[in-house]
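The structure under discussion appears below in the form of structure tokens.
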Amino acid sequence: MHTFLFRLNALATFAISTLAALCAVAAFTDVFHASNPVVNVSLARVERLHPVPSSGNDEAFLAFKISADLSSLFSWNTKQLFVWLDASYETPRNVENHVSLWDRIITSREEAVLSLPYVRNKYKLVDQGNYLRNRALNLTMHWNVMPSTGALWHGSKTFSGFRLPKRYTNDRN
Ligand SMILES: *[C@@H]1O[C@H](CO)[C@@H](O)[C@H](O)[C@H]1NC(C)=O
Ligand SMILES: *[C@@H]1O[C@H](CO)[C@@H](O)[C@H](O)[C@H]1NC(C)=O
């Protein structure tokens, strides 16, 4: 009898604490699952690739195609989004190069739907050296979600498989 009650009690305790844990997990994961940012970034064109005359370092002038729907990142508590596009590549000189190329502050759900077929880099892509020709590039779209109250959080999506031209080019019209 004692054993039975003891077991029943143990079972009930286990069930209640499991349920409480599941509720906590559900509430926690809801924070992350509530948004579904959709992003696509591609390299539309390499307008120019040349060594900068003064320094000799390679510089690339790029144009991107950006389409994104970040509106689901907005909740009642979202003040604004800070989005930026970063290029990363490896060279014999630096294992990792990260260059921020473009950014935007988004203050409403409406502005969070981006359809930009041809965006030039806003910030310069200058290498430390002459390593940009035939260089593989990754493009990463980042977003910081800045709440009215509480902690800022970050997300990103990387697109890989881009490559700069084999030779210096000037394709700018
Ligand atoms: C992303 O954009 C590229 C270039 O425009 C296109 O080929 C590709 O299908 C797009 N991918 C998605 C998931 O929309
Ligand atoms: C580019 O992305 C691929 C796949 O995500 C990764 O394996 C590679 O290390 C990245 N390269 C750079 C330079 O970030």
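Residues are named by chain letter and number: chains run A, B, ... in the order of the structure tokens, numbers start at 1 in each chain, and ligands are numbered from 1 in the order shown.
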Contacts to ligand 2 at 7 Å cut-off (only C-alpha atoms and all ligand atoms) as a PyMOL selection string:
chain A and resi 88-90+96+137-138+158-160
Grab the residues selected above and save them as a compact mmCIF listing (two decimals), in the first residue's frame with C-alpha atoms.
```txt
# COMPACT_ATOMS: atom_id res chain seq x y z
CA SER A 88 34.13 37.26 -46.28
CA TYR A 89 37.04 35.63 -48.04
CA GLU A 90 40.35 33.94 -47.36
CA GLU A 96 39.66 35.61 -42.57
CA LEU A 137 33.45 35.19 -51.68
CA ASN A 138 30.76 34.53 -49.14
CA THR A 158 25.31 33.23 -45.48
CA PHE A 159 25.36 32.74 -49.22
CA SER A 160 28.47 31.07 -50.57
```
Neighbours of ligand 1 at 12 Å or closer, counting only C-alpha atoms and all ligand atoms: which residues, as a VMD selection string?
chain A and resid 38 to 45 64 to 69 115 to 118 159 to 162
List every residue of chain A that DSSP, applied to the backbone of this structure, places in strand (DSSP E or B), and write the result as a PyMOL selection string.
chain A and resi 38-51+58-69+78-89+97-106+113-120+125-126+136-147+153-163+169-170
Fewer than 4 positions away in the same chain doesn't count, so skip those; otherwise give me all residues within 7 Å of Asn134 in chain A, counting only C-alpha atoms, as an MDAnalysis selection string.
chainID A and resid 163:166
Which is closest to Ser72 in chain A among A:Thr169, A:Thr18, A:Asn130, A:Ser108, if we use only C-alpha atoms?
A:Ser108
Using only C-alpha atoms, which residues sit within 10 Å of Pro51 in chain A once same-chain residues fewer than 2 positions away are excluded, as a ChimeraX atom specification?
/A:49,53-60,126-127,129-132,168
What does the file look like for those residues with N, CA, C and O atoms, as a short mmCIF file (atom, residue, chain, number, x, y, z; two decimals), in the first residue's frame?
```cif
data_model
loop_
_atom_site.label_atom_id
_atom_site.label_comp_id
_atom_site.auth_asym_id
_atom_site.auth_seq_id
_atom_site.Cartn_x
_atom_site.Cartn_y
_atom_site.Cartn_z
N LEU A 49 37.24 45.67 -61.03
CA LEU A 49 38.22 45.05 -60.13
C LEU A 49 39.57 45.58 -60.57
O LEU A 49 39.96 45.38 -61.72
N PRO A 53 45.61 52.74 -57.49
CA PRO A 53 46.92 53.25 -57.89
C PRO A 53 47.80 53.68 -56.72
O PRO A 53 48.99 53.37 -56.69
N SER A 54 47.22 54.36 -55.73
CA SER A 54 48.04 54.90 -54.64
C SER A 54 48.65 53.82 -53.75
O SER A 54 49.78 53.93 -53.31
N SER A 55 47.88 52.76 -53.49
CA SER A 55 48.35 51.77 -52.53
C SER A 55 48.74 50.44 -53.17
O SER A 55 49.47 49.66 -52.57
N GLY A 56 48.20 50.19 -54.35
CA GLY A 56 48.44 48.89 -54.98
C GLY A 56 47.53 47.77 -54.48
O GLY A 56 47.59 46.66 -54.97
N ASN A 57 46.69 48.10 -53.48
CA ASN A 57 45.77 47.07 -52.98
C ASN A 57 44.58 46.89 -53.93
O ASN A 57 44.09 47.87 -54.49
N ASP A 58 44.14 45.68 -54.06
CA ASP A 58 42.99 45.41 -54.94
C ASP A 58 41.71 46.02 -54.38
O ASP A 58 41.45 45.96 -53.17
N GLU A 59 40.90 46.55 -55.28
CA GLU A 59 39.58 47.05 -54.89
C GLU A 59 38.52 46.51 -55.84
O GLU A 59 38.74 46.49 -57.06
N ALA A 60 37.40 46.10 -55.27
CA ALA A 60 36.30 45.58 -56.10
C ALA A 60 35.07 46.47 -55.94
O ALA A 60 34.76 46.91 -54.83
N VAL A 126 38.27 46.88 -50.19
CA VAL A 126 39.68 46.98 -50.54
C VAL A 126 40.43 45.88 -49.79
O VAL A 126 40.29 45.74 -48.58
N ASP A 127 41.19 45.12 -50.53
CA ASP A 127 41.96 44.03 -49.93
C ASP A 127 43.24 44.55 -49.30
O ASP A 127 43.71 45.64 -49.64
N GLY A 129 46.37 43.83 -49.97
CA GLY A 129 47.22 43.12 -50.92
C GLY A 129 46.54 43.00 -52.27
O GLY A 129 45.61 43.75 -52.59
N ASN A 130 46.99 42.04 -53.04
CA ASN A 130 46.51 41.87 -54.42
C ASN A 130 45.83 40.53 -54.62
O ASN A 130 46.10 39.83 -55.57
N TYR A 131 44.95 40.21 -53.68
CA TYR A 131 44.44 38.84 -53.68
C TYR A 131 42.99 38.71 -54.13
O TYR A 131 42.40 37.66 -53.93
N LEU A 132 42.42 39.72 -54.72
CA LEU A 132 40.99 39.61 -55.04
C LEU A 132 40.68 38.87 -56.33
O LEU A 132 39.58 38.35 -56.50
N TYR A 168 41.68 41.58 -63.83
CA TYR A 168 41.17 42.92 -63.52
C TYR A 168 40.17 43.31 -64.61
O TYR A 168 40.40 43.02 -65.79
#
```
